[in-house]
Amino acid sequence: MPKAAIYQEYGDSSVLQIAEVPTPTPEPGTVRVRVAYSSVNPVDSKMRSGLLGDGTPLSAPAIAGMDVAGVVDAIGEGVTGFAVGDRVAGLSPAGAAAEFVVTYAAALVKVPASVSLETAATIGVGGTTAVRALGLANVASGHLILVDGASGGVGTFLTQLAIARGATVIGTASARNHEHLADLGARPISYGPGWEARAAEAAGRPFDAAFDLVTGNKYAQLRGISTATAPVVTLVDPTFPGLGGILVTGLEPGFDHALQDVIDAVAGGKVRIPIAQTFPLAEIAAAQDLSAQGHVRGKLVLSIAPQL
């Protein structure tokens, strides 16, 4: 039987275990993928801990993760556009840290030969979140934007995708990540006390959009250094909409193209994804703990079947 990283109850990373699970069967509209790589996102820890649930205990073991890349192994009824053997990447909401997963065909894209499966495994959550955030903020050529937390997983995508649109990006990061941000094309500033004054000075004018990717509780500061009509967007703070800002939930309609946009940007050289560290599946707990700290430059990857 194939193996997967599962948890049978909510809790810290100690609830994760590697277990044998039944090989999933593709239903209509779905594809079974033999997984080469998955990647780890901060949301994985929140799901595992129960922070995103309603308090109801798990009724069955859950497979960790959502980002997946691998090879199509079987196809469900009604699926078109994919064939057995295709290299694919995307999202597996029912779990991705497994040797085999089944996910909706609409949640996958084909991976061009020029893109490694290891890199492709990073695009699902981080890349599509960045596309949604930029789209909701209507970022366009000539805009000046602030990205708070620009060196992390989503920030790396958002910064480069914004620059590809013709925007200028000023991004906050620790001093050790300033060279990294500059290499991506952004103008780095240090986070911490006084960050908004440093951002305003670096910009020289109010921002056309501002993004809070990491900490939350920054709406007033972001609004204060932006134009009166600038979108102020967060991934983490549910109070923003009540204050006039935008919360990216991942449920917004109109972004069916997000995965394709990201893989095209990667294949076209507009987006480079630095991989901070690659872990074997057995070390998923360590990978999730590192991700949850919020200080990773780039992406963390789980190697499951790298020979694919």
# chains A, B, ... in the order shown; residues from 1 in each chain; ligands from 1
$ closest_atom_pairs --of "range 134-205 of chain A" --to "range 241-250 of chain A" --cutoff "12 Å" --atoms "only C-alpha atoms" --output "tab-separated table"
residue	atom	partner	partner_atom	distance
A:Leu134	CA	A:Val248	CA	10.0
A:Gly135	CA	A:Val248	CA	10.4
A:Leu136	CA	A:Ile246	CA	7.8
A:Ala137	CA	A:Ile246	CA	8.3
A:Asn138	CA	A:Ile246	CA	11.8
A:Val154	CA	A:Val248	CA	12.0
$ closest_atom_pairs --of "range 102-195 of chain A" --to "range 261-277 of chain A" --cutoff "10 Å" --atoms "only C-alpha atoms" --output "JSON lines"
{"residue": "A:Val109", "atom": "CA", "partner": "A:Ile263", "partner_atom": "CA", "distance": 7.9}
{"residue": "A:Lys110", "atom": "CA", "partner": "A:Ile263", "partner_atom": "CA", "distance": 8.5}
{"residue": "A:Val111", "atom": "CA", "partner": "A:Ile263", "partner_atom": "CA", "distance": 7.2}
{"residue": "A:Pro112", "atom": "CA", "partner": "A:Ala267", "partner_atom": "CA", "distance": 6.9}
{"residue": "A:Ala113", "atom": "CA", "partner": "A:Ala267", "partner_atom": "CA", "distance": 8.8}
{"residue": "A:Ser114", "atom": "CA", "partner": "A:Ala267", "partner_atom": "CA", "distance": 6.4}
{"residue": "A:Val115", "atom": "CA", "partner": "A:Ala267", "partner_atom": "CA", "distance": 6.1}
{"residue": "A:Ser116", "atom": "CA", "partner": "A:Ala267", "partner_atom": "CA", "distance": 9.8}
{"residue": "A:Glu118", "atom": "CA", "partner": "A:Ile275", "partner_atom": "CA", "distance": 8.8}
{"residue": "A:Thr119", "atom": "CA", "partner": "A:Ile273", "partner_atom": "CA", "distance": 6.8}
{"residue": "A:Ala120", "atom": "CA", "partner": "A:Ile263", "partner_atom": "CA", "distance": 7.4}
{"residue": "A:Thr122", "atom": "CA", "partner": "A:Ile273", "partner_atom": "CA", "distance": 7.8}
{"residue": "A:Ile123", "atom": "CA", "partner": "A:Val262", "partner_atom": "CA", "distance": 6.8}
{"residue": "A:Gly124", "atom": "CA", "partner": "A:Val262", "partner_atom": "CA", "distance": 8.7}
{"residue": "A:Gly126", "atom": "CA", "partner": "A:Val262", "partner_atom": "CA", "distance": 9.6}
{"residue": "A:Gly127", "atom": "CA", "partner": "A:Val262", "partner_atom": "CA", "distance": 5.9}
{"residue": "A:Thr128", "atom": "CA", "partner": "A:Val262", "partner_atom": "CA", "distance": 7.1}
{"residue": "A:Ala130", "atom": "CA", "partner": "A:Val262", "partner_atom": "CA", "distance": 9.1}
{"residue": "A:Val131", "atom": "CA", "partner": "A:Val262", "partner_atom": "CA", "distance": 7.7}
{"residue": "A:Ser151", "atom": "CA", "partner": "A:Pro274", "partner_atom": "CA", "distance": 9.9}
{"residue": "A:Gly152", "atom": "CA", "partner": "A:Pro274", "partner_atom": "CA", "distance": 9.9}
{"residue": "A:Gly153", "atom": "CA", "partner": "A:Ile273", "partner_atom": "CA", "distance": 8.6}
{"residue": "A:Thr156", "atom": "CA", "partner": "A:Ile273", "partner_atom": "CA", "distance": 7.1}
{"residue": "A:Phe157", "atom": "CA", "partner": "A:Val271", "partner_atom": "CA", "distance": 6.8}
{"residue": "A:Leu158", "atom": "CA", "partner": "A:Val271", "partner_atom": "CA", "distance": 9.3}
{"residue": "A:Thr159", "atom": "CA", "partner": "A:Val271", "partner_atom": "CA", "distance": 9.0}
{"residue": "A:Gln160", "atom": "CA", "partner": "A:Val271", "partner_atom": "CA", "distance": 5.6}
{"residue": "A:Leu161", "atom": "CA", "partner": "A:Val271", "partner_atom": "CA", "distance": 6.8}
{"residue": "A:Ile163", "atom": "CA", "partner": "A:Lys270", "partner_atom": "CA", "distance": 8.6}
{"residue": "A:Ala164", "atom": "CA", "partner": "A:Lys270", "partner_atom": "CA", "distance": 6.4}
{"residue": "A:Arg165", "atom": "CA", "partner": "A:Lys270", "partner_atom": "CA", "distance": 9.9}
{"residue": "A:His180", "atom": "CA", "partner": "A:Pro274", "partner_atom": "CA", "distance": 9.4}
{"residue": "A:Leu184", "atom": "CA", "partner": "A:Arg272", "partner_atom": "CA", "distance": 8.0}
$ write_last_selection --atoms "N, CA and C atoms" --output "short mmCIF file (atom, residue, chain, number, x, y, z; two decimals), in the first residue's frame"
data_model
loop_
_atom_site.label_atom_id
_atom_site.label_comp_id
_atom_site.auth_asym_id
_atom_site.auth_seq_id
_atom_site.Cartn_x
_atom_site.Cartn_y
_atom_site.Cartn_z
N VAL A 109 -2.48 21.68 -13.73
CA VAL A 109 -2.02 22.15 -15.04
C VAL A 109 -0.86 21.27 -15.47
N LYS A 110 -0.65 21.20 -16.78
CA LYS A 110 0.50 20.46 -17.29
C LYS A 110 1.78 21.25 -17.01
N VAL A 111 2.84 20.53 -16.72
CA VAL A 111 4.13 21.15 -16.42
C VAL A 111 5.01 21.09 -17.67
N PRO A 112 5.44 22.24 -18.19
CA PRO A 112 6.32 22.23 -19.36
C PRO A 112 7.63 21.50 -19.07
N ALA A 113 8.24 20.99 -20.11
CA ALA A 113 9.49 20.23 -19.95
C ALA A 113 10.59 21.08 -19.34
N SER A 114 10.53 22.40 -19.51
CA SER A 114 11.57 23.28 -19.00
C SER A 114 11.49 23.52 -17.50
N VAL A 115 10.40 23.06 -16.87
CA VAL A 115 10.18 23.29 -15.43
C VAL A 115 10.29 21.96 -14.69
N SER A 116 11.12 21.90 -13.66
CA SER A 116 11.26 20.67 -12.88
C SER A 116 10.01 20.43 -12.04
N GLU A 118 10.06 19.48 -9.02
CA GLU A 118 10.35 20.04 -7.71
C GLU A 118 9.90 21.51 -7.65
N THR A 119 10.24 22.26 -8.68
CA THR A 119 9.80 23.65 -8.75
C THR A 119 8.29 23.74 -8.91
N ALA A 120 7.73 22.90 -9.77
CA ALA A 120 6.29 22.94 -10.02
C ALA A 120 5.47 22.65 -8.77
N THR A 122 5.73 23.85 -6.01
CA THR A 122 5.63 25.02 -5.13
C THR A 122 4.54 26.00 -5.57
N ILE A 123 3.92 25.80 -6.74
CA ILE A 123 3.11 26.87 -7.31
C ILE A 123 1.68 26.91 -6.78
N GLY A 124 1.18 25.80 -6.22
CA GLY A 124 -0.25 25.70 -5.93
C GLY A 124 -0.79 26.78 -5.01
N GLY A 126 0.97 29.07 -2.91
CA GLY A 126 1.65 30.36 -2.95
C GLY A 126 1.40 31.12 -4.24
N GLY A 127 1.50 30.45 -5.37
CA GLY A 127 1.34 31.12 -6.65
C GLY A 127 -0.08 31.60 -6.89
N THR A 128 -1.06 30.73 -6.63
CA THR A 128 -2.44 31.13 -6.88
C THR A 128 -2.90 32.20 -5.90
N ALA A 130 -0.99 34.55 -4.71
CA ALA A 130 -0.41 35.79 -5.23
C ALA A 130 -1.20 36.33 -6.40
N VAL A 131 -1.62 35.46 -7.31
CA VAL A 131 -2.42 35.90 -8.46
C VAL A 131 -3.73 36.51 -7.99
N SER A 151 9.70 38.35 1.18
CA SER A 151 10.67 37.29 0.91
C SER A 151 10.14 35.89 1.20
N GLY A 152 8.91 35.78 1.71
CA GLY A 152 8.34 34.47 2.02
C GLY A 152 7.78 33.77 0.80
N GLY A 153 7.05 32.69 1.04
CA GLY A 153 6.53 31.88 -0.06
C GLY A 153 5.61 32.64 -0.98
N THR A 156 7.37 35.91 -2.52
CA THR A 156 8.28 35.66 -3.64
C THR A 156 7.52 35.63 -4.95
N PHE A 157 6.36 34.96 -4.95
CA PHE A 157 5.52 34.94 -6.15
C PHE A 157 4.95 36.33 -6.44
N LEU A 158 4.35 36.95 -5.42
CA LEU A 158 3.64 38.21 -5.63
C LEU A 158 4.58 39.30 -6.12
N THR A 159 5.75 39.37 -5.54
CA THR A 159 6.73 40.38 -5.95
C THR A 159 7.07 40.24 -7.43
N GLN A 160 7.40 39.04 -7.85
CA GLN A 160 7.82 38.84 -9.24
C GLN A 160 6.67 38.98 -10.22
N LEU A 161 5.49 38.50 -9.84
CA LEU A 161 4.33 38.64 -10.73
C LEU A 161 3.94 40.10 -10.88
N ILE A 163 6.03 42.70 -10.65
CA ILE A 163 7.05 43.31 -11.52
C ILE A 163 6.81 42.93 -12.98
N ALA A 164 6.38 41.68 -13.21
CA ALA A 164 6.08 41.26 -14.58
C ALA A 164 4.92 42.05 -15.17
N ARG A 165 4.05 42.58 -14.30
CA ARG A 165 2.93 43.42 -14.77
C ARG A 165 3.37 44.85 -15.02
N HIS A 180 18.36 39.07 -1.48
CA HIS A 180 17.42 38.18 -2.17
C HIS A 180 16.30 38.98 -2.82
N LEU A 184 15.29 39.69 -6.87
CA LEU A 184 13.98 39.46 -7.49
C LEU A 184 13.48 40.69 -8.23
#
$ closest_atom_pairs --of "range 70-178 of chain A" --to "range 23-42 of chain A" --cutoff "8 Å" --atoms "only C-alpha atoms" --output "tab-separated table"
residue	atom	partner	partner_atom	distance
A:Gly70	CA	A:Val35	CA	4.3
A:Val71	CA	A:Arg34	CA	5.3
A:Val72	CA	A:Val33	CA	4.5
A:Asp73	CA	A:Val33	CA	5.2
A:Ala74	CA	A:Arg32	CA	5.0
A:Ile75	CA	A:Val31	CA	4.7
A:Gly76	CA	A:Pro28	CA	4.7
A:Glu77	CA	A:Pro28	CA	4.3
A:Gly78	CA	A:Gly29	CA	5.6
A:Val79	CA	A:Gly29	CA	5.2
A:Ala96	CA	A:Ser38	CA	6.2
A:Ala97	CA	A:Ser38	CA	5.9
A:Ala98	CA	A:Val35	CA	6.7
A:Glu99	CA	A:Val35	CA	5.2
A:Phe100	CA	A:Arg34	CA	4.6
A:Val101	CA	A:Val33	CA	5.4
A:Val102	CA	A:Arg32	CA	4.3
A:Thr103	CA	A:Thr30	CA	5.4
A:Tyr104	CA	A:Thr30	CA	4.2
A:Ala105	CA	A:Thr30	CA	5.1
A:Leu117	CA	A:Tyr37	CA	6.8
A:Glu118	CA	A:Tyr37	CA	5.8
A:Ala121	CA	A:Ser38	CA	5.3
A:Thr122	CA	A:Ser39	CA	5.6
A:Val125	CA	A:Asn41	CA	7.4
A:Gly126	CA	A:Asn41	CA	7.7
A:Gly153	CA	A:Asn41	CA	7.6
$ write_last_selection --atoms "N, CA, C and O atoms" --output "CSV table (one decimal), in the first residue's frame"
chain,number,residue,atom,x,y,z
A,70,GLY,N,3.6,15.8,-10.0
A,70,GLY,CA,3.9,14.4,-10.2
A,70,GLY,C,3.4,14.1,-11.6
A,70,GLY,O,3.4,14.9,-12.6
A,71,VAL,N,3.0,12.8,-11.8
A,71,VAL,CA,2.7,12.3,-13.1
A,71,VAL,C,1.3,11.7,-13.0
A,71,VAL,O,1.0,10.9,-12.1
A,72,VAL,N,0.5,11.9,-14.0
A,72,VAL,CA,-0.9,11.4,-14.1
A,72,VAL,C,-0.8,9.8,-14.2
A,72,VAL,O,-0.1,9.3,-15.0
A,73,ASP,N,-1.5,9.2,-13.2
A,73,ASP,CA,-1.5,7.7,-13.1
A,73,ASP,C,-2.8,7.1,-13.6
A,73,ASP,O,-2.7,6.0,-14.0
A,74,ALA,N,-3.9,7.8,-13.4
A,74,ALA,CA,-5.2,7.3,-13.8
A,74,ALA,C,-6.1,8.5,-14.0
A,74,ALA,O,-5.9,9.5,-13.3
A,75,ILE,N,-7.1,8.3,-14.8
A,75,ILE,CA,-8.0,9.4,-15.1
A,75,ILE,C,-9.5,8.9,-14.9
A,75,ILE,O,-9.9,7.8,-15.4
A,76,GLY,N,-10.3,9.8,-14.3
A,76,GLY,CA,-11.7,9.5,-14.0
A,76,GLY,C,-12.5,9.8,-15.2
A,76,GLY,O,-12.1,10.5,-16.2
A,77,GLU,N,-13.7,9.3,-15.2
A,77,GLU,CA,-14.7,9.5,-16.3
A,77,GLU,C,-14.9,11.0,-16.5
A,77,GLU,O,-15.0,11.8,-15.6
A,78,GLY,N,-15.0,11.4,-17.8
A,78,GLY,CA,-15.3,12.7,-18.2
A,78,GLY,C,-14.1,13.7,-18.2
A,78,GLY,O,-14.3,14.9,-18.6
A,79,VAL,N,-12.9,13.3,-17.9
A,79,VAL,CA,-11.8,14.1,-17.8
A,79,VAL,C,-11.2,14.2,-19.3
A,79,VAL,O,-10.9,13.2,-19.9
A,96,ALA,N,-1.9,16.3,-0.1
A,96,ALA,CA,-0.9,16.1,-1.1
A,96,ALA,C,0.3,15.4,-0.7
A,96,ALA,O,1.1,15.0,-1.6
A,97,ALA,N,0.6,15.3,0.6
A,97,ALA,CA,1.8,14.7,1.1
A,97,ALA,C,1.6,13.1,1.1
A,97,ALA,O,1.5,12.5,2.2
A,98,ALA,N,1.6,12.5,-0.1
A,98,ALA,CA,1.3,11.1,-0.2
A,98,ALA,C,1.9,10.6,-1.5
A,98,ALA,O,2.2,11.4,-2.4
A,99,GLU,N,2.0,9.3,-1.6
A,99,GLU,CA,2.6,8.7,-2.8
A,99,GLU,C,1.6,8.8,-4.0
A,99,GLU,O,2.0,8.9,-5.2
A,100,PHE,N,0.3,8.7,-3.7
A,100,PHE,CA,-0.7,8.9,-4.7
A,100,PHE,C,-1.8,9.8,-4.1
A,100,PHE,O,-2.2,9.7,-3.0
A,101,VAL,N,-2.3,10.7,-5.0
A,101,VAL,CA,-3.4,11.5,-4.6
A,101,VAL,C,-4.4,11.6,-5.7
A,101,VAL,O,-4.1,11.4,-6.9
A,102,VAL,N,-5.7,11.9,-5.4
A,102,VAL,CA,-6.7,12.1,-6.4
A,102,VAL,C,-7.2,13.5,-6.2
A,102,VAL,O,-7.5,13.9,-5.1
A,103,THR,N,-7.2,14.3,-7.3
A,103,THR,CA,-7.7,15.7,-7.2
A,103,THR,C,-8.5,16.0,-8.4
A,103,THR,O,-8.4,15.3,-9.4
A,104,TYR,N,-9.2,17.1,-8.4
A,104,TYR,CA,-10.0,17.5,-9.6
A,104,TYR,C,-9.1,17.9,-10.7
A,104,TYR,O,-8.1,18.6,-10.5
A,105,ALA,N,-9.5,17.5,-11.9
A,105,ALA,CA,-8.7,17.9,-13.1
A,105,ALA,C,-8.5,19.4,-13.2
A,105,ALA,O,-7.5,19.9,-13.6
A,117,LEU,N,9.7,19.2,-11.7
A,117,LEU,CA,8.6,18.9,-10.9
A,117,LEU,C,8.8,19.4,-9.5
A,117,LEU,O,7.9,19.8,-8.8
A,118,GLU,N,10.1,19.5,-9.0
A,118,GLU,CA,10.3,20.0,-7.7
A,118,GLU,C,9.9,21.5,-7.6
A,118,GLU,O,9.3,21.9,-6.7
A,121,ALA,N,6.0,21.9,-7.9
A,121,ALA,CA,5.3,21.5,-6.6
A,121,ALA,C,5.1,22.7,-5.7
A,121,ALA,O,4.3,22.7,-4.8
A,122,THR,N,5.7,23.9,-6.0
A,122,THR,CA,5.6,25.0,-5.1
A,122,THR,C,4.5,26.0,-5.6
A,122,THR,O,4.2,27.0,-4.8
A,125,VAL,N,-0.5,26.7,-3.7
A,125,VAL,CA,-1.0,27.6,-2.8
A,125,VAL,C,-0.4,29.0,-2.9
A,125,VAL,O,-1.1,30.0,-3.1
A,126,GLY,N,1.0,29.1,-2.9
A,126,GLY,CA,1.6,30.4,-3.0
A,126,GLY,C,1.4,31.1,-4.2
A,126,GLY,O,1.1,32.3,-4.2
A,153,GLY,N,7.0,32.7,1.0
A,153,GLY,CA,6.5,31.9,-0.1
A,153,GLY,C,5.6,32.6,-1.0
A,153,GLY,O,5.8,32.7,-2.2
$ select_by_dssp --residues "range 257-291 of chain A" --states "strand (DSSP E or B)" --output "tab-separated table (two decimals) with N, CA, C and O atoms, in the first residue's frame"
chain	number	residue	atom	x	y	z
A	275	ILE	N	14.18	27.50	-3.60
A	275	ILE	CA	13.79	26.42	-2.69
A	275	ILE	C	14.73	26.46	-1.50
A	275	ILE	O	15.93	26.23	-1.62
A	276	ALA	N	14.17	26.80	-0.35
A	276	ALA	CA	14.98	26.97	0.85
A	276	ALA	C	15.54	25.65	1.34
A	276	ALA	O	16.69	25.57	1.78
A	277	GLN	N	14.73	24.60	1.30
A	277	GLN	CA	15.17	23.30	1.82
A	277	GLN	C	14.23	22.22	1.31
A	277	GLN	O	13.03	22.46	1.14
A	278	THR	N	14.78	21.04	1.05
A	278	THR	CA	14.00	19.88	0.63
A	278	THR	C	14.09	18.81	1.70
A	278	THR	O	15.19	18.47	2.15
A	279	PHE	N	12.93	18.29	2.12
A	279	PHE	CA	12.84	17.28	3.18
A	279	PHE	C	12.29	15.98	2.60
A	279	PHE	O	11.44	16.01	1.71
A	280	PRO	N	12.72	14.84	3.13
A	280	PRO	CA	12.01	13.60	2.80
A	280	PRO	C	10.63	13.61	3.45
A	280	PRO	O	10.40	14.33	4.43
$ residues_around --residues "Arg48 in chain A" --least-positions-apart "6" --cutoff "12 Å" --atoms "only C-alpha atoms" --output "list in words"
Ala5, Ile6, Tyr7, Gln8, Glu9, Tyr10, Gly11, Asp12, Ser13, Ser14, Val15, Leu16, Gln17, Asn41, Pro42, Pro57, Leu58, Pro61, Ala62, Ile63, Ala64, Gly65, Met66, Gly95, Ile284, Ala285, Gln288, Asp289 and Ala292 of chain A
$ closest_residue --among "A:Ala230, A:Ile145, A:Ala202, A:Ala94" --to "Asp44 in chain A" --atoms "only C-alpha atoms"
A:Ala94
$ residues_around --residues "Thr215 in chain A" --least-positions-apart "4" --cutoff "10 Å" --atoms "only C-alpha atoms" --output "PDB file with N, CA, C and O atoms, in the first residue's frame"
ATOM      1  N   ASP A 148       4.492  43.716   2.383  1.00  0.00           N
ATOM      2  CA  ASP A 148       5.010  43.448   3.727  1.00  0.00           C
ATOM      3  C   ASP A 148       5.150  41.941   3.901  1.00  0.00           C
ATOM      4  O   ASP A 148       4.162  41.210   3.939  1.00  0.00           O
ATOM      5  N   GLY A 149       6.397  41.466   3.970  1.00  0.00           N
ATOM      6  CA  GLY A 149       6.671  40.032   4.006  1.00  0.00           C
ATOM      7  C   GLY A 149       6.994  39.521   2.617  1.00  0.00           C
ATOM      8  O   GLY A 149       6.531  38.459   2.202  1.00  0.00           O
ATOM      9  N   THR A 234      -4.843  41.822   2.671  1.00  0.00           N
ATOM     10  CA  THR A 234      -4.202  40.947   3.650  1.00  0.00           C
ATOM     11  C   THR A 234      -4.498  39.485   3.343  1.00  0.00           C
ATOM     12  O   THR A 234      -5.530  39.155   2.750  1.00  0.00           O
ATOM     13  N   LEU A 235      -3.577  38.633   3.763  1.00  0.00           N
ATOM     14  CA  LEU A 235      -3.803  37.185   3.713  1.00  0.00           C
ATOM     15  C   LEU A 235      -4.168  36.643   5.074  1.00  0.00           C
ATOM     16  O   LEU A 235      -4.644  35.506   5.175  1.00  0.00           O
ATOM     17  N   VAL A 236      -3.956  37.426   6.130  1.00  0.00           N
ATOM     18  CA  VAL A 236      -3.950  36.869   7.479  1.00  0.00           C
ATOM     19  C   VAL A 236      -4.874  37.549   8.479  1.00  0.00           C
ATOM     20  O   VAL A 236      -5.121  37.001   9.555  1.00  0.00           O
ATOM     21  N   ASP A 237      -5.390  38.735   8.154  1.00  0.00           N
ATOM     22  CA  ASP A 237      -6.130  39.503   9.159  1.00  0.00           C
ATOM     23  C   ASP A 237      -7.600  39.657   8.766  1.00  0.00           C
ATOM     24  O   ASP A 237      -7.943  40.442   7.875  1.00  0.00           O
ATOM     25  N   GLY A 294       7.476  31.347   9.920  1.00  0.00           N
ATOM     26  CA  GLY A 294       7.271  32.527   9.095  1.00  0.00           C
ATOM     27  C   GLY A 294       8.513  33.257   8.649  1.00  0.00           C
ATOM     28  O   GLY A 294       8.426  34.396   8.194  1.00  0.00           O
TER      29      GLY A 294
END
$ residues_around --residues "range 168-176 of chain A" --least-positions-apart "5" --cutoff "6 Å" --atoms "only C-alpha atoms" --output "JSON, numbers by chain"
{"A": [144, 145, 146, 147, 148, 149, 150, 186, 187, 188, 189, 190, 191]}
$ write_last_selection --atoms "N, CA and C atoms" --output "mmCIF file, in the first residue's frame"
data_model
loop_
_atom_site.group_PDB
_atom_site.id
_atom_site.type_symbol
_atom_site.label_atom_id
_atom_site.label_comp_id
_atom_site.auth_asym_id
_atom_site.auth_seq_id
_atom_site.Cartn_x
_atom_site.Cartn_y
_atom_site.Cartn_z
ATOM 1 N N LEU A 144 2.944 51.620 -7.933
ATOM 2 C CA LEU A 144 3.936 51.471 -6.872
ATOM 3 C C LEU A 144 3.263 50.741 -5.724
ATOM 4 N N ILE A 145 3.792 49.570 -5.347
ATOM 5 C CA ILE A 145 3.131 48.776 -4.321
ATOM 6 C C ILE A 145 4.098 48.414 -3.191
ATOM 7 N N LEU A 146 3.521 48.232 -2.010
ATOM 8 C CA LEU A 146 4.278 47.772 -0.855
ATOM 9 C C LEU A 146 3.884 46.332 -0.553
ATOM 10 N N VAL A 147 4.881 45.479 -0.366
ATOM 11 C CA VAL A 147 4.639 44.081 -0.003
ATOM 12 C C VAL A 147 5.303 43.833 1.342
ATOM 13 N N ASP A 148 4.492 43.716 2.383
ATOM 14 C CA ASP A 148 5.010 43.448 3.727
ATOM 15 C C ASP A 148 5.150 41.941 3.901
ATOM 16 N N GLY A 149 6.397 41.466 3.970
ATOM 17 C CA GLY A 149 6.671 40.032 4.006
ATOM 18 C C GLY A 149 6.994 39.521 2.617
ATOM 19 N N ALA A 150 7.812 40.269 1.888
ATOM 20 C CA ALA A 150 8.026 39.988 0.470
ATOM 21 C C ALA A 150 8.945 38.811 0.199
ATOM 22 N N ALA A 186 12.885 43.766 -6.471
ATOM 23 C CA ALA A 186 12.220 44.676 -5.536
ATOM 24 C C ALA A 186 13.224 45.597 -4.872
ATOM 25 N N ARG A 187 12.719 46.668 -4.247
ATOM 26 C CA ARG A 187 13.546 47.558 -3.425
ATOM 27 C C ARG A 187 13.286 47.190 -1.971
ATOM 28 N N PRO A 188 14.275 46.592 -1.283
ATOM 29 C CA PRO A 188 14.038 46.097 0.073
ATOM 30 C C PRO A 188 14.156 47.173 1.144
ATOM 31 N N ILE A 189 13.330 47.035 2.180
ATOM 32 C CA ILE A 189 13.472 47.818 3.404
ATOM 33 C C ILE A 189 13.332 46.860 4.573
ATOM 34 N N SER A 190 13.846 47.248 5.734
ATOM 35 C CA SER A 190 13.785 46.387 6.913
ATOM 36 C C SER A 190 12.421 46.497 7.586
ATOM 37 N N TYR A 191 11.916 45.355 8.067
ATOM 38 C CA TYR A 191 10.697 45.399 8.862
ATOM 39 C C TYR A 191 11.069 45.724 10.301
#
$ decode --residues "range 68-80 of chain A" --atoms "N, CA, C and O atoms" --output "CSV table (one decimal), in the first residue's frame"
chain,number,residue,atom,x,y,z
A,68,VAL,N,1.0,19.9,-5.0
A,68,VAL,CA,1.4,18.6,-5.5
A,68,VAL,C,2.0,18.8,-6.9
A,68,VAL,O,1.6,19.7,-7.6
A,69,ALA,N,2.9,17.9,-7.2
A,69,ALA,CA,3.5,17.8,-8.6
A,69,ALA,C,3.8,16.3,-8.8
A,69,ALA,O,4.4,15.7,-7.9
A,70,GLY,N,3.6,15.8,-10.0
A,70,GLY,CA,3.9,14.4,-10.2
A,70,GLY,C,3.4,14.1,-11.6
A,70,GLY,O,3.4,14.9,-12.6
A,71,VAL,N,3.0,12.8,-11.8
A,71,VAL,CA,2.7,12.3,-13.1
A,71,VAL,C,1.3,11.7,-13.0
A,71,VAL,O,1.0,10.9,-12.1
A,72,VAL,N,0.5,11.9,-14.0
A,72,VAL,CA,-0.9,11.4,-14.1
A,72,VAL,C,-0.8,9.8,-14.2
A,72,VAL,O,-0.1,9.3,-15.0
A,73,ASP,N,-1.5,9.2,-13.2
A,73,ASP,CA,-1.5,7.7,-13.1
A,73,ASP,C,-2.8,7.1,-13.6
A,73,ASP,O,-2.7,6.0,-14.0
A,74,ALA,N,-3.9,7.8,-13.4
A,74,ALA,CA,-5.2,7.3,-13.8
A,74,ALA,C,-6.1,8.5,-14.0
A,74,ALA,O,-5.9,9.5,-13.3
A,75,ILE,N,-7.1,8.3,-14.8
A,75,ILE,CA,-8.0,9.4,-15.1
A,75,ILE,C,-9.5,8.9,-14.9
A,75,ILE,O,-9.9,7.8,-15.4
A,76,GLY,N,-10.3,9.8,-14.3
A,76,GLY,CA,-11.7,9.5,-14.0
A,76,GLY,C,-12.5,9.8,-15.2
A,76,GLY,O,-12.1,10.5,-16.2
A,77,GLU,N,-13.7,9.3,-15.2
A,77,GLU,CA,-14.7,9.5,-16.3
A,77,GLU,C,-14.9,11.0,-16.5
A,77,GLU,O,-15.0,11.8,-15.6
A,78,GLY,N,-15.0,11.4,-17.8
A,78,GLY,CA,-15.3,12.7,-18.2
A,78,GLY,C,-14.1,13.7,-18.2
A,78,GLY,O,-14.3,14.9,-18.6
A,79,VAL,N,-12.9,13.3,-17.9
A,79,VAL,CA,-11.8,14.1,-17.8
A,79,VAL,C,-11.2,14.2,-19.3
A,79,VAL,O,-10.9,13.2,-19.9
A,80,THR,N,-11.0,15.5,-19.7
A,80,THR,CA,-10.3,15.7,-21.0
A,80,THR,C,-9.1,16.6,-20.8
A,80,THR,O,-9.0,17.3,-19.8
